[in-house]
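Structure, as structure tokens:
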Amino acid sequence: MISVKRQRLGVNIDHVATVRNARGSAWPDPLRAALLAEAAGADGITAHLREDRRHIRDADMEALRAGIGIPLNFECAATDEMAAIILRLKPHAVCLVPEKREERTTEGGLDVAGDEARLTAYIKPLREAGCRVSMFIGHAPAQIEASARIGAAVVELHTGHYSDLHAEGRLAEAEAELDALRKGAALAHALGLEVHAGHGLTYDNVAPIAAIPEIVELNIGHFLIGEAIYLGLGPAIEDMRRRMDEARGAQA
Ligand code: PXP
């Protein structure tokens, strides 16, 4: 039985750093955004330290680790450089993603099935350091089963394709993608994995994802940072929170 309890909302603050870096100044400060998110009821902060440091930088990760009172989810590629930083900072959680320099955002899921032996060895010291390790993957059963085999605690299901189809008004295809995400979430849960989801979620498309009972955490960034321009970050997060709770039929 799955208890349909309150779903956690992790807020990704990468794009606060994108705006800061566009000007080469110290503002806006990602830590300040993280603290506002925390005050607005976010359950965690996600930040992606990319190999090219295009948004979040090493000093941001240090400041977030020291400065926030809610869990930090350190998102990165599975490289030796990142493992060394993680083992020094010991964040609450690590989410491993595929990374290509030329992409604008994380475009696909990690190929866990195709890199099983390396990833098993890669996550071992991170798990031993107490980090909750997550694999950002698509809903293919082979990737979910491989994530369970390598000893990951969590899979985060990539909702980007669903979000794109929804935005393009291709609703029958979006529904088919949702169905595959539902099946993937059920399989992952049955294998003992904690299930998260994220990428491309907005006020308009979040409800069916939030309603999937096995998904206990959503990670949302780009849309919320955009809405913050109009509403302020706190109200934008509170609105997303309300929509997630309504979809879930859960008490806040
Ligand atoms: N989860 C993961 C693993 C991601 O890579 C991202 C994007 O950085 C997100 C969630 C959030 O996606 P978005 O910024 O589109 O809300």
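Letters A, B, ... mark the chains of the structure tokens in the order given; residue numbers begin at 1 per chain; ligand numbers begin at 1, in order shown.
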
Compute the set of protein, DNA and RNA residues whose minimum atom distance to ligand 1 is at most 6 Å, using only C-alpha atoms and all ligand atoms, and state it as an NGL selection string.
:A and (106 or 136 or 198-201 or 219-223)

Output file for the residues above (all heavy atoms, as an mmCIF file, in the first residue's frame):
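Produced file out.cif, reproduced below:
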data_model
loop_
_atom_site.group_PDB
_atom_site.id
_atom_site.type_symbol
_atom_site.label_atom_id
_atom_site.label_comp_id
_atom_site.auth_asym_id
_atom_site.auth_seq_id
_atom_site.Cartn_x
_atom_site.Cartn_y
_atom_site.Cartn_z
ATOM 1 N N THR A 106 19.128 19.588 -19.023
ATOM 2 C CA THR A 106 19.333 18.140 -19.010
ATOM 3 C C THR A 106 18.318 17.501 -19.939
ATOM 4 O O THR A 106 17.137 17.438 -19.626
ATOM 5 C CB THR A 106 19.168 17.611 -17.573
ATOM 6 O OG1 THR A 106 19.855 18.479 -16.688
ATOM 7 C CG2 THR A 106 19.712 16.212 -17.443
ATOM 8 N N PHE A 136 18.606 10.137 -12.345
ATOM 9 C CA PHE A 136 17.619 10.863 -13.172
ATOM 10 C C PHE A 136 17.467 10.082 -14.474
ATOM 11 O O PHE A 136 18.387 10.063 -15.307
ATOM 12 C CB PHE A 136 18.145 12.269 -13.434
ATOM 13 C CG PHE A 136 17.179 13.174 -14.137
ATOM 14 C CD1 PHE A 136 15.870 13.308 -13.718
ATOM 15 C CD2 PHE A 136 17.591 13.934 -15.227
ATOM 16 C CE1 PHE A 136 14.981 14.177 -14.358
ATOM 17 C CE2 PHE A 136 16.726 14.805 -15.879
ATOM 18 C CZ PHE A 136 15.410 14.919 -15.437
ATOM 19 N N GLY A 198 10.645 15.231 -12.155
ATOM 20 C CA GLY A 198 10.908 16.632 -12.431
ATOM 21 C C GLY A 198 11.375 16.872 -13.842
ATOM 22 O O GLY A 198 11.778 15.947 -14.552
ATOM 23 N N HIS A 199 11.298 18.094 -14.237
ATOM 24 C CA HIS A 199 11.742 18.706 -15.486
ATOM 25 C C HIS A 199 10.547 19.232 -16.259
ATOM 26 O O HIS A 199 9.643 18.487 -16.619
ATOM 27 C CB HIS A 199 12.549 17.764 -16.392
ATOM 28 C CG HIS A 199 13.597 18.526 -17.172
ATOM 29 N ND1 HIS A 199 13.283 19.286 -18.268
ATOM 30 C CD2 HIS A 199 14.915 18.666 -16.967
ATOM 31 C CE1 HIS A 199 14.397 19.851 -18.700
ATOM 32 N NE2 HIS A 199 15.392 19.503 -17.937
ATOM 33 N N GLY A 200 10.573 20.556 -16.475
ATOM 34 C CA GLY A 200 9.557 21.190 -17.306
ATOM 35 C C GLY A 200 8.200 21.346 -16.636
ATOM 36 O O GLY A 200 7.228 21.679 -17.316
ATOM 37 N N LEU A 201 8.114 21.142 -15.328
ATOM 38 C CA LEU A 201 6.789 21.218 -14.678
ATOM 39 C C LEU A 201 6.382 22.675 -14.460
ATOM 40 O O LEU A 201 7.206 23.527 -14.127
ATOM 41 C CB LEU A 201 6.807 20.434 -13.361
ATOM 42 C CG LEU A 201 7.057 18.930 -13.544
ATOM 43 C CD1 LEU A 201 7.153 18.224 -12.199
ATOM 44 C CD2 LEU A 201 5.968 18.290 -14.416
ATOM 45 N N ASN A 219 10.878 18.013 -8.240
ATOM 46 C CA ASN A 219 11.912 19.049 -8.286
ATOM 47 C C ASN A 219 11.604 19.997 -9.435
ATOM 48 O O ASN A 219 11.526 19.564 -10.586
ATOM 49 C CB ASN A 219 13.292 18.416 -8.429
ATOM 50 C CG ASN A 219 13.754 17.843 -7.109
ATOM 51 O OD1 ASN A 219 13.920 18.588 -6.135
ATOM 52 N ND2 ASN A 219 13.907 16.537 -7.036
ATOM 53 N N ILE A 220 11.405 21.259 -9.091
ATOM 54 C CA ILE A 220 10.932 22.238 -10.071
ATOM 55 C C ILE A 220 11.805 23.486 -9.975
ATOM 56 O O ILE A 220 12.056 23.999 -8.881
ATOM 57 C CB ILE A 220 9.447 22.598 -9.816
ATOM 58 C CG1 ILE A 220 8.591 21.313 -9.734
ATOM 59 C CG2 ILE A 220 8.933 23.536 -10.913
ATOM 60 C CD1 ILE A 220 7.104 21.548 -9.518
ATOM 61 N N GLY A 221 12.247 23.971 -11.153
ATOM 62 C CA GLY A 221 13.113 25.139 -11.147
ATOM 63 C C GLY A 221 12.722 26.230 -12.111
ATOM 64 O O GLY A 221 12.224 27.288 -11.716
ATOM 65 N N HIS A 222 12.925 25.993 -13.390
ATOM 66 C CA HIS A 222 12.856 27.046 -14.401
ATOM 67 C C HIS A 222 11.550 27.827 -14.329
ATOM 68 O O HIS A 222 11.553 29.069 -14.326
ATOM 69 C CB HIS A 222 13.057 26.412 -15.782
ATOM 70 C CG HIS A 222 13.048 27.385 -16.902
ATOM 71 N ND1 HIS A 222 11.954 27.591 -17.692
ATOM 72 C CD2 HIS A 222 14.002 28.233 -17.340
ATOM 73 C CE1 HIS A 222 12.242 28.518 -18.589
ATOM 74 N NE2 HIS A 222 13.473 28.920 -18.401
ATOM 75 N N PHE A 223 10.429 27.132 -14.273
ATOM 76 C CA PHE A 223 9.142 27.822 -14.268
ATOM 77 C C PHE A 223 8.990 28.690 -13.008
ATOM 78 O O PHE A 223 8.513 29.836 -13.090
ATOM 79 C CB PHE A 223 7.998 26.806 -14.357
ATOM 80 C CG PHE A 223 6.647 27.450 -14.307
ATOM 81 C CD1 PHE A 223 6.104 28.025 -15.442
ATOM 82 C CD2 PHE A 223 5.931 27.509 -13.120
ATOM 83 C CE1 PHE A 223 4.868 28.659 -15.396
ATOM 84 C CE2 PHE A 223 4.696 28.145 -13.065
ATOM 85 C CZ PHE A 223 4.170 28.712 -14.210
#

Practice problem: Determine which residues of range 7-115 of chain A receive a DSSP assignment of strand (DSSP E or B), computed from the backbone, and state them as a VMD selection string. | Solution: chain A and resid 8 to 12 44 to 48 72 to 76 93 to 96

**Asked** What does the distance from CA of Asp58 in chain A to CA of Arg23 in chain A come to in Å, to one decimal?
**Response**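 Distance reported for this atom pair: 18.1 Å.
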
Q.
Give me, as a ChimeraX atom specification, all polymer residues having an atom no more than 6 Å from range 4-10 of chain A, counting only C-alpha atoms and skipping those fewer than 2 positions away in the same chain.
A. /A:42-45,213,216-219,250

* Asked: Can you list, as a list of chain:residue names, every protein, DNA or RNA residue that comes within 8 Å of Leu64 in chain A when you count only C-alpha atoms, leaving out same-chain residues fewer than 5 positions away?
  -> A:Leu31, A:Ala34, A:Leu72

Residue subset to file, keeping C-alpha atoms, as a PDB file, in the first residue's frame:
ATOM      1  CA  LEU A  31      21.546  31.525  -1.364  1.00  0.00           C
ATOM      2  CA  ALA A  34      17.130  29.350  -1.366  1.00  0.00           C
ATOM      3  CA  LEU A  72      20.370  20.164  -0.233  1.00  0.00           C
TER       4      LEU A  72
END

**Study point:** Shell around Ala180 in chain A at 7 Å using only C-alpha atoms, local window under 4 positions removed, as number ranges by chain
**Key:** A: 139, 176, 184

Residues from last step as file, N, CA and C atoms, as a CSV table (one decimal), in the first residue's frame:
chain,number,residue,atom,x,y,z
A,139,HIS,N,11.4,6.6,-18.2
A,139,HIS,CA,10.6,5.6,-17.5
A,139,HIS,C,10.8,4.2,-18.1
A,176,ALA,N,-0.4,9.4,-23.2
A,176,ALA,CA,0.4,8.2,-23.3
A,176,ALA,C,1.7,8.2,-22.5
A,184,GLY,N,6.1,3.4,-14.8
A,184,GLY,CA,7.5,3.5,-14.3
A,184,GLY,C,7.5,3.7,-12.8

Please list as a VMD selection string every residue within 12 Å of His166 in chain A, counting only C-alpha atoms and excluding residues in the same chain fewer than 3 positions away. chain A and resid 159 to 163 169 to 178 200 to 206 208

Selected residue of minimal separation from Ala84 in chain A among A:Leu126, A:Cys131, A:Ala185, A:Ala33, counting only C-alpha atoms:
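The closest residue to Ala84 in chain A is A:Leu126.
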
Exercise. Name the residues in contact with Val19 in chain A at a cut-off of 10 Å, using only C-alpha atoms, excluding same-chain residues fewer than 5 positions from it; report them as number ranges by chain.
Key: A: 14, 24-30, 55

Just asking: which residues within range 78-123 of chain A are helix (DSSP H, G or I) according to DSSP, as an mmCIF file with all heavy atoms, in the first residue's frame?
data_model
loop_
_atom_site.group_PDB
_atom_site.id
_atom_site.type_symbol
_atom_site.label_atom_id
_atom_site.label_comp_id
_atom_site.auth_asym_id
_atom_site.auth_seq_id
_atom_site.Cartn_x
_atom_site.Cartn_y
_atom_site.Cartn_z
ATOM 1 N N ASP A 80 34.624 12.162 -11.645
ATOM 2 C CA ASP A 80 35.502 12.101 -10.468
ATOM 3 C C ASP A 80 35.574 13.450 -9.770
ATOM 4 O O ASP A 80 35.613 13.538 -8.540
ATOM 5 C CB ASP A 80 36.914 11.665 -10.887
ATOM 6 C CG ASP A 80 36.941 10.202 -11.315
ATOM 7 O OD1 ASP A 80 35.953 9.480 -11.041
ATOM 8 O OD2 ASP A 80 37.931 9.796 -11.952
ATOM 9 N N GLU A 81 35.580 14.523 -10.567
ATOM 10 C CA GLU A 81 35.640 15.865 -9.981
ATOM 11 C C GLU A 81 34.440 16.095 -9.058
ATOM 12 O O GLU A 81 34.582 16.592 -7.935
ATOM 13 C CB GLU A 81 35.638 16.921 -11.098
ATOM 14 C CG GLU A 81 35.756 18.326 -10.570
ATOM 15 C CD GLU A 81 35.303 19.401 -11.556
ATOM 16 O OE1 GLU A 81 34.574 19.087 -12.511
ATOM 17 O OE2 GLU A 81 35.684 20.569 -11.323
ATOM 18 N N MET A 82 33.246 15.703 -9.518
ATOM 19 C CA MET A 82 32.032 15.917 -8.712
ATOM 20 C C MET A 82 32.043 15.027 -7.469
ATOM 21 O O MET A 82 31.619 15.457 -6.392
ATOM 22 C CB MET A 82 30.781 15.665 -9.558
ATOM 23 C CG MET A 82 30.576 16.705 -10.634
ATOM 24 S SD MET A 82 30.389 18.377 -9.940
ATOM 25 C CE MET A 82 30.998 19.371 -11.300
ATOM 26 N N ALA A 83 32.521 13.788 -7.624
ATOM 27 C CA ALA A 83 32.555 12.888 -6.458
ATOM 28 C C ALA A 83 33.410 13.500 -5.349
ATOM 29 O O ALA A 83 33.040 13.450 -4.164
ATOM 30 C CB ALA A 83 33.086 11.522 -6.863
ATOM 31 N N ALA A 84 34.536 14.109 -5.723
ATOM 32 C CA ALA A 84 35.419 14.705 -4.709
ATOM 33 C C ALA A 84 34.714 15.861 -3.988
ATOM 34 O O ALA A 84 34.814 16.001 -2.762
ATOM 35 C CB ALA A 84 36.704 15.194 -5.374
ATOM 36 N N ILE A 85 33.971 16.668 -4.738
ATOM 37 C CA ILE A 85 33.255 17.799 -4.116
ATOM 38 C C ILE A 85 32.152 17.276 -3.191
ATOM 39 O O ILE A 85 31.959 17.761 -2.070
ATOM 40 C CB ILE A 85 32.693 18.739 -5.199
ATOM 41 C CG1 ILE A 85 33.834 19.328 -6.042
ATOM 42 C CG2 ILE A 85 31.875 19.872 -4.570
ATOM 43 C CD1 ILE A 85 33.375 20.079 -7.293
ATOM 44 N N ILE A 86 31.422 16.261 -3.673
ATOM 45 C CA ILE A 86 30.327 15.690 -2.864
ATOM 46 C C ILE A 86 30.877 15.118 -1.558
ATOM 47 O O ILE A 86 30.316 15.351 -0.480
ATOM 48 C CB ILE A 86 29.595 14.586 -3.667
ATOM 49 C CG1 ILE A 86 28.823 15.205 -4.833
ATOM 50 C CG2 ILE A 86 28.664 13.788 -2.763
ATOM 51 C CD1 ILE A 86 28.400 14.212 -5.894
ATOM 52 N N LEU A 87 31.997 14.407 -1.657
ATOM 53 C CA LEU A 87 32.526 13.762 -0.448
ATOM 54 C C LEU A 87 33.039 14.799 0.552
ATOM 55 O O LEU A 87 33.064 14.544 1.753
ATOM 56 C CB LEU A 87 33.606 12.747 -0.821
ATOM 57 C CG LEU A 87 33.038 11.516 -1.557
ATOM 58 C CD1 LEU A 87 34.159 10.604 -2.048
ATOM 59 C CD2 LEU A 87 32.071 10.736 -0.669
ATOM 60 N N ARG A 88 33.387 15.964 0.047
ATOM 61 C CA ARG A 88 33.800 17.046 0.962
ATOM 62 C C ARG A 88 32.587 17.729 1.580
ATOM 63 O O ARG A 88 32.522 17.945 2.786
ATOM 64 C CB ARG A 88 34.658 18.060 0.187
ATOM 65 C CG ARG A 88 35.325 19.109 1.035
ATOM 66 C CD ARG A 88 36.462 19.780 0.283
ATOM 67 N NE ARG A 88 36.064 20.234 -1.045
ATOM 68 C CZ ARG A 88 35.325 21.321 -1.285
ATOM 69 N NH1 ARG A 88 34.909 22.071 -0.281
ATOM 70 N NH2 ARG A 88 35.024 21.665 -2.521
ATOM 71 N N LEU A 89 31.560 17.999 0.769
ATOM 72 C CA LEU A 89 30.404 18.759 1.269
ATOM 73 C C LEU A 89 29.366 17.878 1.969
ATOM 74 O O LEU A 89 28.586 18.371 2.783
ATOM 75 C CB LEU A 89 29.715 19.494 0.117
ATOM 76 C CG LEU A 89 30.462 20.650 -0.533
ATOM 77 C CD1 LEU A 89 29.587 21.317 -1.585
ATOM 78 C CD2 LEU A 89 30.884 21.690 0.499
ATOM 79 N N ALA A 113 21.472 1.467 -17.316
ATOM 80 C CA ALA A 113 21.625 0.080 -17.788
ATOM 81 C C ALA A 113 22.908 -0.089 -18.605
ATOM 82 O O ALA A 113 23.536 -1.146 -18.564
ATOM 83 C CB ALA A 113 20.405 -0.320 -18.606
ATOM 84 N N GLY A 114 23.295 0.967 -19.313
ATOM 85 C CA GLY A 114 24.481 0.866 -20.174
ATOM 86 C C GLY A 114 25.776 1.184 -19.445
ATOM 87 O O GLY A 114 26.849 1.147 -20.063
ATOM 88 N N ASP A 115 25.691 1.543 -18.165
ATOM 89 C CA ASP A 115 26.898 1.978 -17.443
ATOM 90 C C ASP A 115 26.848 1.426 -16.017
ATOM 91 O O ASP A 115 27.300 2.067 -15.075
ATOM 92 C CB ASP A 115 26.909 3.524 -17.415
ATOM 93 C CG ASP A 115 28.284 4.104 -17.153
ATOM 94 O OD1 ASP A 115 29.273 3.362 -17.203
ATOM 95 O OD2 ASP A 115 28.358 5.321 -16.884
ATOM 96 N N GLU A 116 26.308 0.193 -15.928
ATOM 97 C CA GLU A 116 25.943 -0.334 -14.609
ATOM 98 C C GLU A 116 27.148 -0.542 -13.682
ATOM 99 O O GLU A 116 27.104 -0.129 -12.510
ATOM 100 C CB GLU A 116 25.194 -1.662 -14.829
ATOM 101 C CG GLU A 116 24.186 -1.919 -13.757
ATOM 102 C CD GLU A 116 23.281 -3.103 -14.054
ATOM 103 O OE1 GLU A 116 22.722 -3.185 -15.177
ATOM 104 O OE2 GLU A 116 23.112 -3.917 -13.143
ATOM 105 N N ALA A 117 28.201 -1.148 -14.219
ATOM 106 C CA ALA A 117 29.339 -1.471 -13.348
ATOM 107 C C ALA A 117 30.004 -0.186 -12.842
ATOM 108 O O ALA A 117 30.303 -0.048 -11.646
ATOM 109 C CB ALA A 117 30.350 -2.315 -14.113
ATOM 110 N N ARG A 118 30.195 0.777 -13.738
ATOM 111 C CA ARG A 118 30.844 2.031 -13.327
ATOM 112 C C ARG A 118 29.987 2.780 -12.302
ATOM 113 O O ARG A 118 30.487 3.278 -11.299
ATOM 114 C CB ARG A 118 31.088 2.932 -14.551
ATOM 115 C CG ARG A 118 31.976 4.132 -14.231
ATOM 116 C CD ARG A 118 32.143 5.052 -15.410
ATOM 117 N NE ARG A 118 30.974 5.888 -15.641
ATOM 118 C CZ ARG A 118 30.775 7.089 -15.113
ATOM 119 N NH1 ARG A 118 31.674 7.613 -14.301
ATOM 120 N NH2 ARG A 118 29.689 7.773 -15.389
ATOM 121 N N LEU A 119 28.673 2.833 -12.554
ATOM 122 C CA LEU A 119 27.809 3.589 -11.633
ATOM 123 C C LEU A 119 27.691 2.897 -10.270
ATOM 124 O O LEU A 119 27.587 3.563 -9.242
ATOM 125 C CB LEU A 119 26.426 3.814 -12.260
ATOM 126 C CG LEU A 119 26.416 4.868 -13.377
ATOM 127 C CD1 LEU A 119 25.067 4.881 -14.091
ATOM 128 C CD2 LEU A 119 26.739 6.259 -12.828
ATOM 129 N N THR A 120 27.732 1.571 -10.262
ATOM 130 C CA THR A 120 27.708 0.845 -8.979
ATOM 131 C C THR A 120 28.906 1.283 -8.130
ATOM 132 O O THR A 120 28.762 1.615 -6.948
ATOM 133 C CB THR A 120 27.768 -0.686 -9.215
ATOM 134 O OG1 THR A 120 26.693 -1.059 -10.057
ATOM 135 C CG2 THR A 120 27.689 -1.452 -7.906
ATOM 136 N N ALA A 121 30.078 1.311 -8.760
ATOM 137 C CA ALA A 121 31.296 1.698 -8.034
ATOM 138 C C ALA A 121 31.260 3.188 -7.687
ATOM 139 O O ALA A 121 31.711 3.593 -6.611
ATOM 140 C CB ALA A 121 32.518 1.374 -8.882
ATOM 141 N N TYR A 122 30.689 3.985 -8.584
ATOM 142 C CA TYR A 122 30.677 5.438 -8.387
ATOM 143 C C TYR A 122 29.843 5.833 -7.165
ATOM 144 O O TYR A 122 30.232 6.701 -6.382
ATOM 145 C CB TYR A 122 30.131 6.125 -9.641
ATOM 146 C CG TYR A 122 30.237 7.632 -9.588
ATOM 147 C CD1 TYR A 122 31.402 8.281 -9.974
ATOM 148 C CD2 TYR A 122 29.174 8.414 -9.116
ATOM 149 C CE1 TYR A 122 31.514 9.661 -9.899
ATOM 150 C CE2 TYR A 122 29.282 9.789 -9.036
ATOM 151 C CZ TYR A 122 30.454 10.412 -9.427
ATOM 152 O OH TYR A 122 30.559 11.783 -9.351
ATOM 153 N N ILE A 123 28.671 5.191 -7.030
ATOM 154 C CA ILE A 123 27.771 5.657 -5.947
ATOM 155 C C ILE A 123 28.124 5.059 -4.587
ATOM 156 O O ILE A 123 27.670 5.574 -3.562
ATOM 157 C CB ILE A 123 26.275 5.412 -6.275
ATOM 158 C CG1 ILE A 123 25.916 3.931 -6.264
ATOM 159 C CG2 ILE A 123 25.893 6.066 -7.589
ATOM 160 C CD1 ILE A 123 24.395 3.703 -6.381
#

Counting only C-alpha atoms, the residue of A:Ala77, A:Ala66, A:Ile137, A:Val94 that sits nearest Asp111 in chain A: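 Looking only at the distances to Asp111 in chain A, the closest residue turns out to be A:Ile137.
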
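Of note, CA of Arg50 in chain A and CA of Thr79 in chain A are spaced 10.5 Å apart.
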
Review point. For Ala188 in chain A, which residue among A:Ala142, A:Ala211, A:Ala247, A:Ala167 is the nearest when counting only C-alpha atoms?
Key: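 Smallest distance to Ala188 in chain A is found for A:Ala142.
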
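Among the candidates A:Leu35, A:Leu193, A:Ala22, A:Ala236, the one nearest to Ile215 in chain A when counting only C-alpha atoms is A:Leu193.
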